[in-house]
file start.txt (compact mmCIF, C-alpha atoms)
# COMPACT_ATOMS: atom_id res chain seq x y z
CA MET A 1 -7.96 -14.18 24.12
CA GLU A 2 -8.54 -13.54 20.42
CA GLU A 3 -8.11 -10.01 19.07
CA GLN A 4 -11.08 -7.85 18.35
CA GLU A 5 -12.02 -7.67 14.69
CA SER A 6 -12.69 -3.99 14.26
CA ILE A 7 -10.98 -0.76 15.15
CA PRO A 8 -13.12 2.24 16.05
CA VAL A 9 -11.78 5.40 14.44
CA THR A 10 -13.16 8.66 15.75
CA GLY A 11 -12.81 12.17 14.46
CA MET A 12 -11.25 12.95 11.09
CA TRP A 13 -9.99 9.75 9.51
CA ASN A 14 -6.24 9.79 8.99
CA TYR A 15 -4.80 6.93 6.95
CA PRO A 16 -1.20 6.97 8.27
CA ARG A 17 -2.46 7.22 11.87
CA CYS A 18 -4.93 4.39 11.28
CA ILE A 19 -2.13 2.18 9.99
CA ASP A 20 0.01 3.06 13.02
CA ASN A 21 -2.87 1.93 15.23
CA LEU A 22 -3.13 -1.31 13.29
CA ARG A 23 0.56 -2.06 13.75
CA THR A 24 0.08 -1.87 17.52
CA TRP A 25 -3.16 -3.81 17.37
CA ASP A 26 -1.70 -6.75 15.39
CA ARG A 27 0.63 -7.89 18.16
CA PRO A 28 0.76 -11.73 17.91
CA ASN A 29 4.08 -13.12 16.73
CA TRP A 30 3.04 -13.92 13.17
CA MET A 31 6.70 -14.01 12.10
CA ALA A 32 7.12 -17.32 13.93
CA LEU A 33 4.59 -19.05 11.68
CA SER A 34 5.88 -21.59 9.18
CA ARG A 35 4.70 -21.54 5.58
CA ASP A 36 2.29 -24.42 6.19
CA GLU A 37 0.98 -22.97 9.44
CA ALA A 38 0.28 -19.68 7.69
CA LEU A 39 -1.53 -21.45 4.85
CA THR A 40 -3.67 -23.34 7.35
CA LEU A 41 -4.72 -20.08 8.99
CA LEU A 42 -6.17 -18.81 5.69
CA THR A 43 -9.18 -21.09 6.22
CA ASP A 44 -9.60 -20.40 9.95
CA SER A 45 -13.04 -19.30 11.11
CA LEU A 46 -11.62 -16.23 12.88
CA PRO A 47 -10.70 -13.24 10.69
CA ALA A 48 -7.81 -12.22 12.97
CA ARG A 49 -6.14 -15.57 12.40
CA ARG A 50 -6.73 -15.40 8.65
CA ARG A 51 -5.15 -11.96 8.67
CA ARG A 52 -2.18 -13.27 10.63
CA GLY A 53 -1.61 -16.09 8.17
CA ALA A 54 -1.84 -13.69 5.23
CA LYS A 55 0.63 -11.31 6.83
CA ARG A 56 3.16 -14.11 7.27
CA LEU A 57 2.72 -15.29 3.67
CA ARG A 58 3.20 -11.73 2.49
CA ALA A 59 6.54 -11.63 4.31
CA LEU A 60 7.61 -15.05 3.01
CA ALA A 61 6.86 -13.97 -0.59
CA ASP A 62 6.74 -17.60 -1.73
CA PRO A 63 5.18 -17.86 -5.22
CA THR A 64 4.08 -21.44 -4.50
CA THR A 65 1.48 -20.02 -2.08
CA ALA A 66 -0.09 -17.65 -4.62
CA ALA A 67 -3.01 -19.90 -5.59
CA GLN A 68 -4.11 -20.32 -1.99
CA VAL A 69 -3.66 -16.62 -1.25
CA ARG A 70 -5.72 -15.76 -4.33
CA ALA A 71 -8.52 -18.16 -3.35
CA ALA A 72 -8.58 -16.78 0.19
CA LEU A 73 -8.74 -13.21 -1.10
CA GLU A 74 -11.70 -14.00 -3.34
CA ARG A 75 -13.74 -15.42 -0.46
CA GLU A 76 -12.65 -13.00 2.32
CA THR A 77 -15.31 -10.65 3.71
CA THR A 78 -13.50 -8.62 6.40
CA TRP A 79 -11.42 -5.62 5.37
CA GLU A 80 -8.57 -6.27 7.81
CA ALA A 81 -7.88 -9.75 6.41
CA LYS A 82 -8.60 -8.64 2.86
CA TYR A 83 -5.94 -5.93 3.21
CA GLN A 84 -3.26 -8.45 4.19
CA LEU A 85 -4.37 -10.95 1.53
CA SER A 86 -4.20 -8.25 -1.14
CA MET A 87 -0.70 -7.31 0.01
CA ALA A 88 0.29 -10.99 0.17
CA LEU A 89 -0.84 -11.52 -3.41
CA GLY A 90 1.38 -8.59 -4.37
CA THR A 91 4.44 -10.46 -3.08
CA THR A 92 3.47 -14.00 -4.13
CA GLY A 93 1.41 -13.53 -7.30
CA SER A 94 2.11 -12.82 -10.94
CA ARG A 95 0.90 -10.78 -13.89
CA GLU A 96 -2.04 -13.18 -14.16
CA ASP A 97 -3.45 -11.88 -10.87
CA VAL A 98 -3.74 -8.26 -11.97
CA GLU A 99 -7.23 -8.62 -13.45
CA LEU A 100 -8.52 -9.96 -10.12
CA LEU A 101 -6.93 -7.04 -8.27
CA LYS A 102 -8.41 -4.54 -10.72
CA ARG A 103 -11.84 -6.17 -10.48
CA LEU A 104 -11.69 -5.89 -6.69
CA ALA A 105 -10.49 -2.28 -6.98
CA LEU A 106 -13.55 -1.41 -9.06
CA GLN A 107 -16.00 -2.86 -6.53
CA PRO A 108 -17.77 -0.22 -4.45
CA ARG A 109 -16.61 -0.26 -0.83
CA SER A 110 -16.20 2.12 2.05
CA ALA A 111 -12.91 3.99 2.39
CA THR A 112 -10.79 1.27 3.96
CA ALA A 113 -7.15 0.29 3.67
CA VAL A 114 -8.11 -2.49 1.24
CA ASN A 115 -8.02 0.07 -1.55
CA SER A 116 -4.42 1.01 -0.73
CA ALA A 117 -3.35 -2.64 -0.68
CA LEU A 118 -4.93 -3.18 -4.09
CA GLY A 119 -3.18 -0.13 -5.54
CA ASP A 120 0.15 -1.28 -4.12
CA SER A 121 -0.18 -4.81 -5.53
CA ILE A 122 -1.44 -3.66 -8.93
CA VAL A 123 1.76 -1.62 -9.37
CA ARG A 124 3.94 -4.49 -8.15
CA LEU A 125 2.41 -7.14 -10.40
CA GLY A 126 1.08 -5.15 -13.33
CA ARG A 127 4.31 -3.91 -14.90
CA ASP A 128 5.46 -5.34 -18.22
CA PHE A 129 8.96 -4.02 -17.48
CA ASP A 130 10.66 -2.59 -14.39
CA ASN A 131 9.69 1.06 -14.84
CA ASP A 132 6.40 0.49 -16.66
CA PRO A 133 4.15 3.46 -15.78
CA ALA A 134 0.88 1.85 -16.92
CA PRO A 135 -0.25 0.35 -13.58
CA VAL A 136 0.15 3.56 -11.57
CA VAL A 137 -1.54 5.56 -14.34
CA TRP A 138 -4.48 3.12 -14.24
CA CYS A 139 -4.80 3.55 -10.48
CA LEU A 140 -4.75 7.35 -10.71
CA GLN A 141 -7.42 7.27 -13.42
CA GLN A 142 -9.87 5.52 -11.08
CA ASP A 143 -9.87 8.66 -8.90
CA VAL A 144 -9.99 6.75 -5.61
CA GLU A 145 -7.62 8.38 -3.15
CA LEU A 146 -6.70 5.24 -1.21
CA LEU A 147 -6.08 3.29 -4.42
CA ALA A 148 -3.78 6.11 -5.55
CA TYR A 149 -2.09 6.17 -2.14
CA GLY A 150 -1.21 2.48 -2.41
CA ALA A 151 0.00 2.82 -5.98
CA LEU A 152 2.24 5.77 -5.07
CA ARG A 153 3.56 3.85 -2.09
CA ALA A 154 4.66 1.03 -4.39
CA VAL A 155 6.24 3.52 -6.81
CA ALA A 156 8.34 4.91 -3.96
CA MET A 157 9.26 1.58 -2.42
CA LEU A 158 10.25 0.14 -5.81
CA ARG A 159 12.10 3.38 -6.69
CA LEU A 160 10.52 3.48 -10.12
CA GLN A 161 12.13 5.79 -12.69
CA LEU A 162 9.01 6.98 -14.48
CA PRO A 163 8.64 9.01 -17.72
CA ASP A 164 8.21 12.76 -17.31
CA THR A 165 4.61 12.55 -18.53
CA THR A 166 3.77 10.07 -15.77
CA VAL A 167 5.57 12.15 -13.14
CA ASP A 168 3.50 15.13 -14.28
CA ALA A 169 0.31 13.07 -13.96
CA ILE A 170 1.29 12.01 -10.43
CA LEU A 171 2.06 15.57 -9.36
CA ASP A 172 -1.18 16.81 -10.94
CA TYR A 173 -3.14 14.23 -8.97
CA VAL A 174 -1.36 14.89 -5.70
CA GLU A 175 -1.66 18.66 -5.96
CA ALA A 176 -5.38 18.35 -6.70
CA ASN A 177 -6.18 15.84 -3.96
CA ASP A 178 -3.67 16.03 -1.12
CA SER A 179 -4.80 16.93 2.38
CA ASN A 180 -3.64 16.37 5.94
CA ARG A 181 -6.27 13.66 6.10
CA MET A 182 -4.64 11.49 3.43
CA ASN A 183 -1.05 12.76 3.12
CA LEU A 184 -0.76 11.72 -0.53
CA THR A 185 2.40 13.82 -0.86
CA TYR A 186 4.55 11.61 1.36
CA TRP A 187 5.29 8.79 -1.09
CA PRO A 188 5.90 10.98 -4.18
CA ALA A 189 8.27 13.07 -2.06
CA ILE A 190 10.31 9.90 -1.46
CA ALA A 191 10.01 8.63 -5.04
CA ALA A 192 11.11 11.99 -6.47
CA ALA A 193 14.68 11.29 -5.37
CA GLY A 194 14.93 9.37 -8.64
CA TRP A 195 13.08 11.91 -10.79
CA SER A 196 14.35 15.07 -12.41
CA GLY A 197 13.23 18.30 -14.02
CA PRO A 198 12.19 21.80 -12.90
CA ARG A 199 8.68 20.76 -11.88
CA VAL A 200 10.01 17.98 -9.67
CA ARG A 201 12.45 20.37 -8.01
CA ALA A 202 9.69 22.95 -7.45
CA PHE A 203 7.46 20.24 -5.95
CA LEU A 204 10.20 19.07 -3.61
CA THR A 205 11.10 22.63 -2.61
CA ARG A 206 7.48 23.26 -1.59
CA CYS A 207 7.32 19.92 0.23
CA SER A 208 10.54 20.64 2.12
CA GLN A 209 8.63 23.48 3.83
CA ASP A 210 5.55 21.37 4.58
CA SER A 211 4.07 21.44 8.07
CA ARG A 212 4.07 17.64 8.06
CA GLN A 213 7.53 16.70 9.23
CA ASP A 214 7.62 13.34 7.44
CA VAL A 215 6.90 15.06 4.11
CA ALA A 216 9.43 17.83 4.74
CA ASP A 217 12.16 15.35 5.67
CA ALA A 218 11.46 13.11 2.67
CA ALA A 219 11.54 16.10 0.31
CA THR A 220 14.77 17.44 1.78
CA ASP A 221 16.46 14.10 1.28
CA ALA A 222 15.09 13.83 -2.28
CA LEU A 223 16.43 17.28 -3.14
CA ASN A 224 19.83 15.88 -2.22
CA GLY A 225 19.30 12.77 -4.33
CA ARG A 226 18.66 10.47 -1.38
CA TYR A 227 15.74 8.09 -0.92
CA ARG A 228 14.51 8.56 2.61
CA LYS A 229 14.02 5.43 4.70
CA HIS A 230 10.25 5.22 4.65
CA MET A 231 7.87 4.44 7.46
CA ASN A 232 7.02 0.79 7.97
CA VAL A 233 4.02 -0.48 6.06
CA TRP A 234 1.50 -2.43 8.11

call {"tool": "encode", "arguments": {"input": "start.txt", "output": "structure tokens"}}
result
Amino acid sequence: MEEQESIPVTGMWNYPRCIDNLRTWDRPNWMALSRDEALTLLTDSLPARRRRGAKRLRALADPTTAAQVRAALERETTWEAKYQLSMALGTTGSREDVELLKRLALQPRSATAVNSALGDSIVRLGRDFDNDPAPVVWCLQQDVELLAYGALRAVAMLRLQLPDTTVDAILDYVEANDSNRMNLTYWPAIAAAGWSGPRVRAFLTRCSQDSRQDVADAATDALNGRYRKHMNVW
């Protein structure tokens, strides 16, 4: 039987918990798909199958699939599949795809994970050099929490060594917007293992005492110069 296409979320919306639910929900063995099978699924009539194909292409990270991923993203209407297509473009695409991602990021939409995927892929594809701070700064300037969450996730996963001014901008944003609902602090606490300065140390010291155990553990490791192994990303 085909998977359901929506996930009811009750109570206060919690992004990390929502993603944990989605990992459980997306059970089919998409890793067994070949490149061509995954590409074929991008045009399937069922969103769950399109999502599955996109997830496999994201893992394959084959740049020869970028054009088809991009076309599928532009026509996709469901947020679950659009999330995976946005993430897939981040692993298959190029600098030329950044304008599309930014255009999608600027479209009004409800607070869904699509925004985080767009932020993640903008940082991955939008850098002119390895530690280019411009893409994450752009995402923060849009003042959309999920877009910022995705951008900060990419910063941590790529272990970007950012200028002090950009680190300050990230910490300013996180301190102004973090809550238990969003947990924006988690990824900067990981990324800060590669940052330095008194403000970074003060930030990590506070985070090491956080009531959220994942944040406290990440900060403790960062204070000791270690990048914590991060949670899996759906």

call {"tool": "atom_distance", "arguments": {"input": "start.txt", "atom1": "CA of Glu96 (chain A)", "atom2": "CA of Thr64 (chain A)"}}
result
14.1 Å

call {"tool": "atom_distance", "arguments": {"input": "start.txt", "atom1": "CA of Arg206 (chain A)", "atom2": "CA of Gly119 (chain A)"}}
result
26.0 Å

call {"tool": "closest_residue", "arguments": {"input": "start.txt", "among": "A:Ala59, A:Leu39, A:Ala71, A:Leu160", "to": "Phe129 (chain A)", "atoms": "all atoms listed in the file"}}
result
A:Leu160

call {"tool": "atom_distance", "arguments": {"input": "start.txt", "atom1": "CA of Pro198 (chain A)", "atom2": "CA of Ala222 (chain A)"}}
result
13.6 Å

call {"tool": "closest_residue", "arguments": {"input": "start.txt", "among": "A:Met31, A:Met157, A:Ala113, A:Met87", "to": "Ala66 (chain A)", "atoms": "all atoms listed in the file"}}
result
A:Met87

call {"tool": "residues_near_point", "arguments": {"input": "start.txt", "point": "(-9.3, -3.5, 0.0)", "cutoff": "9 Å", "atoms": "all atoms listed in the file", "output": "ChimeraX atom specification"}}
result
/A:79-80,82-84,86,104-105,109,111-119,147

call {"tool": "closest_residue", "arguments": {"input": "start.txt", "among": "A:Val144, A:Ala192, A:Leu125, A:Ala54", "to": "Ser34 (chain A)", "atoms": "all atoms listed in the file"}}
result
A:Ala54

call {"tool": "residues_around", "arguments": {"input": "start.txt", "residues": "Gln142 (chain A)", "least_positions_apart": "5", "cutoff": "12 Å", "atoms": "only C-alpha atoms", "output": "mmCIF file with C-alpha atoms, in the frame of the given file"}}
result
data_model
loop_
_atom_site.group_PDB
_atom_site.id
_atom_site.type_symbol
_atom_site.label_atom_id
_atom_site.label_comp_id
_atom_site.auth_asym_id
_atom_site.auth_seq_id
_atom_site.Cartn_x
_atom_site.Cartn_y
_atom_site.Cartn_z
ATOM 1 C CA LYS A 102 -8.410 -4.540 -10.720
ATOM 2 C CA ARG A 103 -11.840 -6.170 -10.480
ATOM 3 C CA ALA A 105 -10.490 -2.280 -6.980
ATOM 4 C CA LEU A 106 -13.550 -1.410 -9.060
ATOM 5 C CA GLN A 107 -16.000 -2.860 -6.530
ATOM 6 C CA PRO A 108 -17.770 -0.220 -4.450
ATOM 7 C CA ASN A 115 -8.020 0.070 -1.550
ATOM 8 C CA GLY A 119 -3.180 -0.130 -5.540
ATOM 9 C CA PRO A 135 -0.250 0.350 -13.580
ATOM 10 C CA VAL A 136 0.150 3.560 -11.570
ATOM 11 C CA VAL A 137 -1.540 5.560 -14.340
ATOM 12 C CA LEU A 147 -6.080 3.290 -4.420
ATOM 13 C CA ALA A 148 -3.780 6.110 -5.550
ATOM 14 C CA TYR A 149 -2.090 6.170 -2.140
ATOM 15 C CA ALA A 151 0.000 2.820 -5.980
ATOM 16 C CA TYR A 173 -3.140 14.230 -8.970
#

call {"tool": "closest_residue", "arguments": {"input": "start.txt", "among": "A:Trp195, A:Arg153, A:Gln213, A:Ile190", "to": "Val167 (chain A)", "atoms": "all atoms listed in the file"}}
result
A:Trp195

call {"tool": "closest_residue", "arguments": {"input": "start.txt", "among": "A:Asp120, A:Leu162, A:Asp62, A:Ala81", "to": "Gly93 (chain A)", "atoms": "only C-alpha atoms"}}
result
A:Asp62

call {"tool": "residues_around", "arguments": {"input": "start.txt", "residues": "Asp97 (chain A)", "least_positions_apart": "6", "cutoff": "10 Å", "atoms": "all atoms listed in the file", "output": "PyMOL selection string"}}
result
chain A and resi 66-67+70+89-90+121-122+125-126

call {"tool": "closest_residue", "arguments": {"input": "start.txt", "among": "A:Val98, A:Ser196, A:Leu184, A:Gly225", "to": "Gln161 (chain A)", "atoms": "all atoms listed in the file"}}
result
A:Ser196

call {"tool": "residues_around", "arguments": {"input": "start.txt", "residues": "Ser211 (chain A)", "least_positions_apart": "6", "cutoff": "12 Å", "atoms": "only C-alpha atoms", "output": "ChimeraX atom specification"}}
result
/A:179-180,183,185-186,217

call {"tool": "residues_around", "arguments": {"input": "start.txt", "residues": "Leu204 (chain A)", "least_positions_apart": "4", "cutoff": "7 Å", "atoms": "all atoms listed in the file", "output": "PDB file with C-alpha atoms, in the frame of the given file"}}
result
ATOM      1  CA  ALA A 189       8.270  13.070  -2.060  1.00  0.00           C
ATOM      2  CA  VAL A 200      10.010  17.980  -9.670  1.00  0.00           C
ATOM      3  CA  SER A 208      10.540  20.640   2.120  1.00  0.00           C
ATOM      4  CA  ALA A 219      11.540  16.100   0.310  1.00  0.00           C
ATOM      5  CA  LEU A 223      16.430  17.280  -3.140  1.00  0.00           C
TER       6      LEU A 223
END

call {"tool": "build_atoms", "arguments": {"input": "start.txt", "residues": "region 60-74 of chain A", "atoms": "N, CA and C atoms", "output": "mmCIF file, keeping the file's coordinate frame"}}
result
data_model
loop_
_atom_site.group_PDB
_atom_site.id
_atom_site.type_symbol
_atom_site.label_atom_id
_atom_site.label_comp_id
_atom_site.auth_asym_id
_atom_site.auth_seq_id
_atom_site.Cartn_x
_atom_site.Cartn_y
_atom_site.Cartn_z
ATOM 1 N N LEU A 60 6.865 -13.943 3.608
ATOM 2 C CA LEU A 60 7.610 -15.050 3.010
ATOM 3 C C LEU A 60 7.784 -14.880 1.504
ATOM 4 N N ALA A 61 6.788 -14.248 0.850
ATOM 5 C CA ALA A 61 6.860 -13.970 -0.590
ATOM 6 C C ALA A 61 7.169 -15.230 -1.409
ATOM 7 N N ASP A 62 6.521 -16.313 -1.061
ATOM 8 C CA ASP A 62 6.740 -17.600 -1.730
ATOM 9 C C ASP A 62 5.712 -17.771 -2.848
ATOM 10 N N PRO A 63 6.141 -17.776 -4.109
ATOM 11 C CA PRO A 63 5.180 -17.860 -5.220
ATOM 12 C C PRO A 63 4.373 -19.155 -5.229
ATOM 13 N N THR A 64 4.844 -20.186 -4.531
ATOM 14 C CA THR A 64 4.080 -21.440 -4.500
ATOM 15 C C THR A 64 2.817 -21.320 -3.646
ATOM 16 N N THR A 65 2.678 -20.230 -2.895
ATOM 17 C CA THR A 65 1.480 -20.020 -2.080
ATOM 18 C C THR A 65 0.447 -19.141 -2.773
ATOM 19 N N ALA A 66 0.763 -18.650 -3.958
ATOM 20 C CA ALA A 66 -0.090 -17.650 -4.620
ATOM 21 C C ALA A 66 -1.513 -18.156 -4.857
ATOM 22 N N ALA A 67 -1.667 -19.389 -5.285
ATOM 23 C CA ALA A 67 -3.010 -19.900 -5.590
ATOM 24 C C ALA A 67 -3.893 -19.899 -4.352
ATOM 25 N N GLN A 68 -3.322 -20.298 -3.212
ATOM 26 C CA GLN A 68 -4.110 -20.320 -1.990
ATOM 27 C C GLN A 68 -4.396 -18.917 -1.473
ATOM 28 N N VAL A 69 -3.435 -18.018 -1.625
ATOM 29 C CA VAL A 69 -3.660 -16.620 -1.250
ATOM 30 C C VAL A 69 -4.765 -16.022 -2.105
ATOM 31 N N ARG A 70 -4.708 -16.276 -3.400
ATOM 32 C CA ARG A 70 -5.720 -15.760 -4.330
ATOM 33 C C ARG A 70 -7.115 -16.279 -3.979
ATOM 34 N N ALA A 71 -7.227 -17.573 -3.704
ATOM 35 C CA ALA A 71 -8.520 -18.160 -3.350
ATOM 36 C C ALA A 71 -9.059 -17.560 -2.056
ATOM 37 N N ALA A 72 -8.161 -17.363 -1.084
ATOM 38 C CA ALA A 72 -8.580 -16.780 0.190
ATOM 39 C C ALA A 72 -9.044 -15.338 0.004
ATOM 40 N N LEU A 73 -8.353 -14.600 -0.841
ATOM 41 C CA LEU A 73 -8.740 -13.210 -1.100
ATOM 42 C C LEU A 73 -10.120 -13.141 -1.737
ATOM 43 N N GLU A 74 -10.406 -14.034 -2.647
ATOM 44 C CA GLU A 74 -11.700 -14.000 -3.340
ATOM 45 C C GLU A 74 -12.866 -14.316 -2.404
#
